[in-house]
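Enquirer: Structure file final.cif (mmCIF, C-alpha atoms) is given on the next line.
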data_my_file
#
loop_
_atom_site.label_atom_id
_atom_site.label_comp_id
_atom_site.auth_asym_id
_atom_site.auth_seq_id
_atom_site.Cartn_x
_atom_site.Cartn_y
_atom_site.Cartn_z
CA MET A 119 -102.28 97.42 -82.21
CA THR A 120 -101.14 94.27 -84.03
CA GLN A 121 -102.21 92.04 -81.11
CA ALA A 122 -105.70 93.59 -81.10
CA VAL A 123 -106.09 93.00 -84.84
CA LEU A 124 -105.01 89.38 -84.53
CA THR A 125 -107.43 88.82 -81.64
CA ASP A 126 -110.30 90.25 -83.64
CA GLN A 127 -109.51 87.89 -86.50
CA LEU A 128 -109.79 84.73 -84.33
CA PRO A 129 -112.93 82.75 -85.26
CA GLN A 130 -115.53 82.74 -82.48
CA ASN A 131 -117.87 79.89 -81.53
CA THR A 132 -121.47 80.30 -80.47
CA PHE A 133 -120.51 80.48 -76.77
CA GLY A 134 -118.34 83.54 -77.24
CA GLY A 135 -114.97 81.72 -76.98
CA ASP A 136 -112.41 80.98 -79.63
CA THR A 137 -112.23 77.60 -81.38
CA LEU A 138 -109.13 76.62 -79.38
CA SER A 139 -111.46 75.76 -76.46
CA PRO A 140 -113.60 72.71 -77.42
CA ASP A 141 -117.34 72.89 -76.81
CA PRO A 142 -119.03 70.51 -74.31
CA GLU A 143 -120.05 68.02 -77.02
CA ARG A 144 -116.49 67.81 -78.31
CA ARG A 145 -115.19 67.28 -74.78
CA ARG A 146 -117.68 64.42 -74.29
CA VAL A 147 -116.48 62.78 -77.50
CA MET A 148 -112.85 63.12 -76.44
CA ARG A 149 -113.56 61.60 -73.02
CA ARG A 150 -115.46 58.75 -74.66
CA ASN A 151 -112.54 58.08 -77.02
CA ARG A 152 -110.08 58.11 -74.12
CA ARG A 153 -112.20 55.61 -72.20
CA ARG A 154 -112.46 53.40 -75.28
CA ASN A 155 -108.70 53.49 -75.82
CA ALA A 156 -108.07 52.76 -72.13
CA LEU A 157 -110.46 49.78 -72.21
CA SER A 158 -108.76 48.46 -75.33
CA ALA A 159 -105.34 48.78 -73.68
CA TYR A 160 -106.50 47.01 -70.52
CA GLY A 161 -108.11 44.33 -72.67
CA PHE A 162 -104.81 43.57 -74.38
CA LEU A 163 -102.98 43.71 -71.03
CA SER A 164 -105.51 41.54 -69.20
CA PRO A 165 -103.85 38.15 -69.97
CA TRP A 166 -100.58 39.43 -68.49
CA MET A 167 -102.34 41.05 -65.52
CA ILE A 168 -104.35 37.89 -64.78
CA GLY A 169 -101.19 35.79 -65.05
CA MET A 170 -99.32 38.21 -62.79
CA VAL A 171 -102.00 37.94 -60.09
CA VAL A 172 -102.79 34.22 -60.40
CA ILE A 173 -99.37 32.77 -61.22
CA THR A 174 -96.95 35.19 -59.51
CA LEU A 175 -98.48 37.55 -56.97
CA GLY A 176 -100.98 35.07 -55.51
CA PRO A 177 -98.43 32.30 -54.85
CA MET A 178 -95.99 34.85 -53.41
CA ILE A 179 -98.55 36.06 -50.88
CA ALA A 180 -99.47 32.44 -50.05
CA SER A 181 -95.81 31.49 -49.55
CA LEU A 182 -95.28 34.54 -47.32
CA TYR A 183 -98.12 33.33 -45.10
CA LEU A 184 -96.82 29.75 -45.14
CA SER A 185 -93.37 30.93 -44.08
CA PHE A 186 -94.87 31.71 -40.66
CA THR A 187 -96.54 28.30 -40.36
CA ARG A 188 -95.76 24.62 -39.94
CA TYR A 189 -97.22 22.99 -43.05
CA ASP A 190 -96.68 19.46 -44.40
CA LEU A 191 -98.88 19.66 -47.55
CA ILE A 192 -101.41 17.31 -45.97
CA GLY A 193 -102.88 18.96 -42.88
CA SER A 194 -103.78 22.58 -42.31
CA PRO A 195 -101.03 25.16 -41.76
CA ALA A 196 -100.31 25.81 -38.07
CA TRP A 197 -99.12 29.33 -37.19
CA VAL A 198 -95.65 29.32 -35.58
CA GLY A 199 -94.64 32.96 -36.05
CA MET A 200 -90.92 33.54 -36.56
CA ASP A 201 -89.92 29.99 -35.54
CA ASN A 202 -88.94 28.97 -39.10
CA TYR A 203 -86.65 31.97 -39.50
CA VAL A 204 -85.07 31.47 -36.08
CA ARG A 205 -84.54 27.78 -36.80
CA MET A 206 -82.67 28.54 -40.02
CA PHE A 207 -79.92 30.46 -38.30
CA GLU A 208 -79.82 28.81 -34.87
CA SER A 209 -80.60 25.10 -35.13
CA ASP A 210 -80.08 23.97 -38.73
CA PRO A 211 -76.39 23.44 -39.60
CA ARG A 212 -77.24 22.14 -43.08
CA TYR A 213 -78.94 25.44 -43.85
CA LEU A 214 -75.76 27.33 -42.99
CA LYS A 215 -73.80 24.78 -45.03
CA SER A 216 -76.04 25.44 -48.05
CA VAL A 217 -75.46 29.18 -47.66
CA ALA A 218 -71.69 28.66 -47.54
CA VAL A 219 -71.71 26.38 -50.60
CA THR A 220 -73.87 28.83 -52.56
CA VAL A 221 -71.66 31.80 -51.65
CA THR A 222 -68.55 29.85 -52.67
CA TYR A 223 -70.14 28.76 -55.94
CA THR A 224 -71.21 32.34 -56.73
CA ALA A 225 -67.84 33.83 -55.78
CA LEU A 226 -66.11 31.41 -58.16
CA SER A 227 -68.53 31.27 -61.08
CA VAL A 228 -69.51 34.93 -61.53
CA PRO A 229 -65.96 36.37 -61.99
CA CYS A 230 -64.94 33.41 -64.18
CA ILE A 231 -67.97 33.84 -66.44
CA LEU A 232 -67.46 37.59 -66.78
CA ILE A 233 -63.71 37.39 -67.40
CA PHE A 234 -63.91 34.52 -69.88
CA SER A 235 -66.82 36.13 -71.75
CA LEU A 236 -65.05 39.48 -71.94
CA LEU A 237 -61.77 37.97 -73.18
CA LEU A 238 -63.57 36.03 -75.90
CA ALA A 239 -65.61 39.09 -76.89
CA LEU A 240 -62.40 41.12 -77.20
CA PHE A 241 -60.95 38.40 -79.42
CA LEU A 242 -64.03 38.23 -81.67
CA ASN A 243 -64.19 42.03 -81.88
CA ARG A 244 -60.94 42.14 -83.85
CA GLY A 245 -62.79 41.81 -87.16
CA MET A 246 -62.83 38.06 -87.80
CA ARG A 247 -64.41 36.49 -90.84
CA PHE A 248 -67.61 34.51 -90.28
CA LEU A 249 -68.18 36.37 -87.01
CA SER A 250 -71.92 35.62 -87.02
CA VAL A 251 -71.17 31.88 -87.26
CA TYR A 252 -68.77 31.95 -84.30
CA ARG A 253 -71.20 34.07 -82.32
CA ALA A 254 -74.00 31.56 -82.88
CA LEU A 255 -71.76 28.60 -82.00
CA PHE A 256 -70.57 30.20 -78.78
CA TYR A 257 -74.14 31.11 -77.83
CA ILE A 258 -75.47 27.55 -78.07
CA PRO A 259 -74.10 26.44 -74.63
CA SER A 260 -76.16 29.20 -72.99
CA LEU A 261 -79.29 27.56 -74.38
CA LEU A 262 -78.28 24.09 -73.18
CA GLY A 263 -76.32 24.74 -69.99
CA SER A 264 -79.27 24.60 -67.58
CA SER A 265 -80.80 21.48 -69.12
CA VAL A 266 -80.91 18.09 -67.47
CA ALA A 267 -79.25 16.48 -70.49
CA ILE A 268 -76.11 18.62 -70.19
CA ALA A 269 -75.91 17.94 -66.45
CA VAL A 270 -76.07 14.21 -67.17
CA LEU A 271 -73.37 14.65 -69.82
CA TRP A 272 -71.24 16.42 -67.19
CA LEU A 273 -71.41 13.24 -65.11
CA GLN A 274 -69.83 11.37 -68.01
CA VAL A 275 -67.17 14.04 -68.51
CA PHE A 276 -65.93 14.24 -64.92
CA GLY A 277 -66.72 10.73 -63.69
CA SER A 278 -64.01 8.21 -62.80
CA GLY A 279 -63.91 6.86 -66.35
CA GLY A 280 -64.90 10.12 -68.01
CA ILE A 281 -63.57 12.15 -70.89
CA PHE A 282 -61.56 14.47 -68.66
CA ASN A 283 -59.65 11.58 -67.11
CA ALA A 284 -59.00 10.16 -70.57
CA PHE A 285 -57.52 13.52 -71.57
CA LEU A 286 -55.30 13.55 -68.46
CA GLY A 287 -54.19 10.02 -69.28
CA LEU A 288 -52.58 11.31 -72.47
CA PHE A 289 -50.08 13.11 -70.23
CA GLY A 290 -49.61 10.19 -67.85
CA ILE A 291 -51.78 11.70 -65.10
CA ASP A 292 -54.00 9.37 -63.11
CA GLY A 293 -57.53 10.65 -62.89
CA GLN A 294 -60.20 10.34 -60.26
CA SER A 295 -63.93 10.79 -59.87
CA TRP A 296 -63.96 14.57 -59.82
CA ILE A 297 -67.67 14.61 -59.09
CA GLY A 298 -67.37 12.00 -56.35
CA ASN A 299 -64.64 13.89 -54.51
CA PRO A 300 -66.03 16.52 -52.09
CA ASN A 301 -62.90 18.63 -52.62
CA THR A 302 -63.49 18.96 -56.38
CA ALA A 303 -67.20 18.35 -56.95
CA LEU A 304 -68.18 22.00 -56.67
CA TYR A 305 -65.52 23.01 -59.18
CA THR A 306 -67.10 20.76 -61.81
CA VAL A 307 -70.39 22.63 -61.37
CA VAL A 308 -68.51 25.93 -61.63
CA ALA A 309 -66.95 24.68 -64.87
CA LEU A 310 -70.43 23.90 -66.19
CA ALA A 311 -71.56 27.43 -65.29
CA VAL A 312 -68.55 28.97 -67.06
CA TRP A 313 -69.29 26.81 -70.12
CA THR A 314 -72.59 28.72 -70.50
CA PHE A 315 -70.79 31.98 -71.25
CA GLY A 316 -72.49 32.64 -74.58
CA SER A 317 -75.17 35.13 -73.59
CA THR A 318 -72.81 37.34 -71.58
CA MET A 319 -70.24 37.17 -74.40
CA VAL A 320 -72.78 38.38 -76.97
CA ILE A 321 -73.75 41.31 -74.74
CA PHE A 322 -70.09 42.22 -74.20
CA LEU A 323 -69.51 42.04 -77.95
CA ALA A 324 -72.44 44.38 -78.58
CA GLY A 325 -71.01 46.81 -76.01
CA LEU A 326 -67.59 46.74 -77.67
CA ARG A 327 -69.16 47.57 -81.01
CA GLN A 328 -70.65 50.75 -79.52
CA ILE A 329 -67.28 52.27 -78.56
CA PRO A 330 -66.23 54.84 -81.23
CA MET A 331 -63.05 53.87 -83.08
CA SER A 332 -61.95 57.51 -83.03
CA TYR A 333 -61.07 57.11 -79.34
CA TYR A 334 -58.60 54.33 -80.15
CA GLU A 335 -57.15 56.25 -83.08
CA ALA A 336 -56.53 59.28 -80.86
CA ALA A 337 -54.95 57.05 -78.19
CA GLN A 338 -52.63 55.46 -80.76
CA ILE A 339 -51.53 58.90 -81.93
CA ASP A 340 -50.71 59.74 -78.30
CA GLY A 341 -48.61 56.58 -78.06
CA ALA A 342 -50.90 54.47 -75.83
CA ASN A 343 -50.32 50.72 -76.00
CA ARG A 344 -53.12 48.10 -76.02
CA TRP A 345 -53.14 47.71 -72.25
CA GLN A 346 -53.44 51.46 -71.72
CA GLN A 347 -56.18 51.64 -74.35
CA PHE A 348 -58.11 48.91 -72.57
CA TRP A 349 -58.00 50.59 -69.13
CA SER A 350 -58.53 54.14 -70.42
CA ILE A 351 -61.10 53.53 -73.16
CA THR A 352 -62.52 50.00 -73.32
CA PHE A 353 -63.09 49.31 -69.64
CA PRO A 354 -64.76 52.65 -68.73
CA HIS A 355 -67.12 52.43 -71.70
CA LEU A 356 -67.94 48.81 -70.87
CA THR A 357 -68.81 49.44 -67.22
CA PRO A 358 -72.58 49.70 -67.94
CA VAL A 359 -72.40 46.34 -69.73
CA ILE A 360 -70.28 44.86 -66.93
CA PHE A 361 -72.86 46.12 -64.44
CA PHE A 362 -75.72 44.54 -66.40
CA ASN A 363 -73.97 41.22 -67.05
CA GLY A 364 -72.63 41.03 -63.52
CA LEU A 365 -76.00 41.62 -61.91
CA LEU A 366 -77.78 39.03 -64.07
CA THR A 367 -75.02 36.47 -63.62
CA LEU A 368 -74.99 37.02 -59.86
CA VAL A 369 -78.75 36.55 -59.52
CA ASN A 370 -78.71 33.45 -61.74
CA SER A 371 -75.83 31.94 -59.76
CA LEU A 372 -77.58 32.40 -56.42
CA GLN A 373 -80.65 30.66 -57.89
CA SER A 374 -78.77 27.86 -59.65
CA PHE A 375 -80.48 24.50 -59.19
CA THR A 376 -80.52 22.01 -62.08
CA PRO A 377 -76.79 21.16 -62.49
CA ALA A 378 -76.15 20.56 -58.78
CA TYR A 379 -79.44 18.67 -58.39
CA VAL A 380 -78.79 16.30 -61.30
CA ILE A 381 -75.09 15.73 -60.59
CA SER A 382 -75.69 15.01 -56.89
CA GLY A 383 -78.90 13.07 -57.47
CA GLY A 384 -80.84 15.66 -55.50
CA THR A 385 -78.88 14.98 -52.30
CA GLY A 386 -76.13 17.61 -52.41
CA GLN A 387 -73.53 14.88 -51.94
CA PRO A 388 -70.69 14.10 -51.66
CA ALA A 389 -70.40 15.43 -48.10
CA ASP A 390 -72.89 18.23 -48.91
CA SER A 391 -70.31 19.79 -51.24
CA LEU A 392 -73.06 20.35 -53.85
CA LEU A 393 -75.74 21.41 -51.38
CA LEU A 394 -76.68 24.67 -53.05
CA TYR A 395 -79.34 26.78 -51.39
CA THR A 396 -82.02 25.88 -53.91
CA VAL A 397 -81.21 22.16 -53.66
CA TYR A 398 -81.67 22.27 -49.89
CA LEU A 399 -84.86 24.30 -50.29
CA TYR A 400 -86.18 21.59 -52.62
CA GLN A 401 -85.27 18.89 -50.11
CA LYS A 402 -87.10 20.61 -47.25
CA GLY A 403 -90.19 21.35 -49.30
CA PHE A 404 -90.67 18.30 -51.53
CA VAL A 405 -88.69 15.54 -49.80
CA ASP A 406 -89.21 16.30 -46.11
CA PHE A 407 -92.59 18.01 -46.79
CA GLN A 408 -91.71 20.96 -44.58
CA MET A 409 -93.34 23.49 -46.86
CA GLY A 410 -93.54 26.20 -44.21
CA TYR A 411 -89.81 25.99 -43.59
CA ALA A 412 -89.10 25.90 -47.34
CA SER A 413 -91.25 29.01 -47.82
CA ALA A 414 -89.25 30.80 -45.13
CA MET A 415 -86.05 29.80 -46.95
CA ALA A 416 -87.43 31.15 -50.21
CA TRP A 417 -88.30 34.50 -48.64
CA ALA A 418 -84.90 34.71 -46.96
CA LEU A 419 -83.31 34.23 -50.40
CA LEU A 420 -85.61 36.85 -51.92
CA ILE A 421 -84.74 39.40 -49.23
CA ALA A 422 -81.02 38.66 -49.62
CA LEU A 423 -81.28 39.11 -53.39
CA GLY A 424 -83.16 42.38 -52.94
CA LEU A 425 -80.60 43.79 -50.52
CA LEU A 426 -77.70 42.63 -52.66
CA THR A 427 -79.23 44.13 -55.80
CA ALA A 428 -79.93 47.42 -54.02
CA GLY A 429 -76.33 47.53 -52.82
CA ILE A 430 -74.99 46.93 -56.32
CA PHE A 431 -77.21 49.67 -57.75
CA TRP A 432 -76.05 52.03 -55.01
CA SER A 433 -72.39 51.26 -55.70
CA SER A 434 -72.80 51.70 -59.46
CA ARG A 435 -72.74 55.48 -59.10
CA TYR A 436 -69.07 55.24 -58.15
CA TRP A 437 -67.78 52.95 -60.89
CA VAL A 438 -70.26 52.78 -63.79
CA PHE A 439 -69.40 55.31 -66.50
CA TYR A 440 -72.12 56.65 -68.77
CA GLY A 441 -71.23 58.70 -71.79
CA GLU A 442 -72.51 62.02 -70.43
CA ASP A 443 -70.45 61.76 -67.22
CA SER A 444 -67.53 64.13 -66.99
#
Now, as a test, write the supplied structure out as structure tokens.
Expert:
Amino acid sequence: MTQAVLTDQLPQNTFGGDTLSPDPERRRVMRRNRRRNALSAYGFLSPWMIGMVVITLGPMIASLYLSFTRYDLIGSPAWVGMDNYVRMFESDPRYLKSVAVTVTYTALSVPCILIFSLLLALFLNRGMRFLSVYRALFYIPSLLGSSVAIAVLWLQVFGSGGIFNAFLGLFGIDGQSWIGNPNTALYTVVALAVWTFGSTMVIFLAGLRQIPMSYYEAAQIDGANRWQQFWSITFPHLTPVIFFNGLLTLVNSLQSFTPAYVISGGTGQPADSLLLYTVYLYQKGFVDFQMGYASAMAWALLIALGLLTAGIFWSSRYWVFYGEDS
């Protein structure tokens, strides 16, 4: 009875339906407004879309084609099929050397950056005065670390008459040209990478600030020491930040170019100890003018990065803790 009364009280339009169903004219206006809004959105997005196609997607497709050709930047590309990819792994020892150097550099630099950044973030999270000032000072190397000027400065620091040898001389230790020695040259580049810890430190510090203090208070009541608090509270809650920082640092390390290029003069010397993958790619493309081979190297790196990233994302389900997980 009540439902019938309420139905009778609904206002009716001229077509016999209730006003909750728009008439054809209203539907046309709504469609016109949606089209206008869509056109406005695409208009604002068009600079990015044009840049994506012209600057990113277009060159990627062109380089994929060139990776199957022999191209010297002067003549026309000649199709060679998979020859460039086969050559990389079967008849180019310097390519395999560049892979080994890059893997070594990444295996050393990524853990060092993460550990040093985390330790410093833990220290700054203890409630220091002028924290914003320290945070800004520590972040500055991240802005400068990939610049040519800093790489040139690194030559002066670790050269035969550099600052590092002068420091060792205070303790009676004879120095050497750390950059000129193939046994130590790569470590100087790793040190430069670790020096640019600022961005990862800031992200770690932000993650630490998100952990509720009540967890630590409860742990202290239960008698947990600092080490137990770190492994039971801090580390699990930081795993998403570790995952994020680790992935970005890994990708950046595998693509590192400027420091090794400047310090070695673009040659990867001494004894190819600084022949990072990107340095060798540059040599093949812009020194030897083997652009087809360089394109194949670039796509091999892209595929390796994709597979590595996919593997890290797959593994994250087993060690990354999110707050809702039980």
Enquirer: From the list A:Gln274, A:Ser216, A:Ser185, A:Asn363, which residue is nearest Gly386 in chain A when using all atoms listed in the file?
Expert: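 Of A:Gln274, A:Ser216, A:Ser185, A:Asn363, the one nearest Gly386 in chain A, counting all atoms listed in the file, is A:Ser216.
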Enquirer: Take the PyMOL selection byres ((chain A and resi 280) around 12), run it mentally on this structure, and tell me the resulting residues as a PyMOL selection string.
Expert: chain A and resi 270-279+281-287+292-297
Enquirer: Would you translate the PyMOL selection byres ((chain A and resi 359) around 12) into the concrete set of residues it matches in this file, as a PyMOL selection string?
Expert: chain A and resi 232+235-236+318-329+352-358+360-367+434+437-440
Enquirer: If you measure from CA of Ile168 in chain A to CA of Tyr183 in chain A, what distance in Å do you get, rounded to one decimal?
Expert: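 Taking CA of Ile168 in chain A and CA of Tyr183 in chain A, their separation equals 21.1 Å.
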Enquirer: Give the padded box for range 285-293 of chain A as lines of an AutoDock Vina configuration file: axis-aligned, covering all atoms listed in the file, 6 Å on each side, centre and edge lengths in Å to one decimal.
Expert:
center_x = -53.6
center_y = 11.5
center_z = -67.7
size_x = 19.9
size_y = 16.2
size_z = 21.6
Enquirer: Do you have the CA of Pro377 in chain A-CA of Val251 in chain A distance handy?
Expert: 27.6 Å
Enquirer: Considering only C-alpha atoms, can you say which of A:Ile381, A:Ala428, A:Ile351, A:Leu372 comes closest to Tyr223 in chain A?
Expert: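 Ranked by minimum distance to Tyr223 in chain A, first place goes to A:Leu372.
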Enquirer: Report, in Å to a single decimal, how far apart CA of Thr306 in chain A and CA of Ser227 in chain A are.
Expert: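 CA of Ser227 in chain A sits 10.6 Å away from CA of Thr306 in chain A.
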Enquirer: Could you check the closest approach to Thr385 in chain A for each of A:Val405, A:Val369, A:Leu238, A:Gly199 and tell me which residue wins, using only C-alpha atoms?
Expert: A:Val405
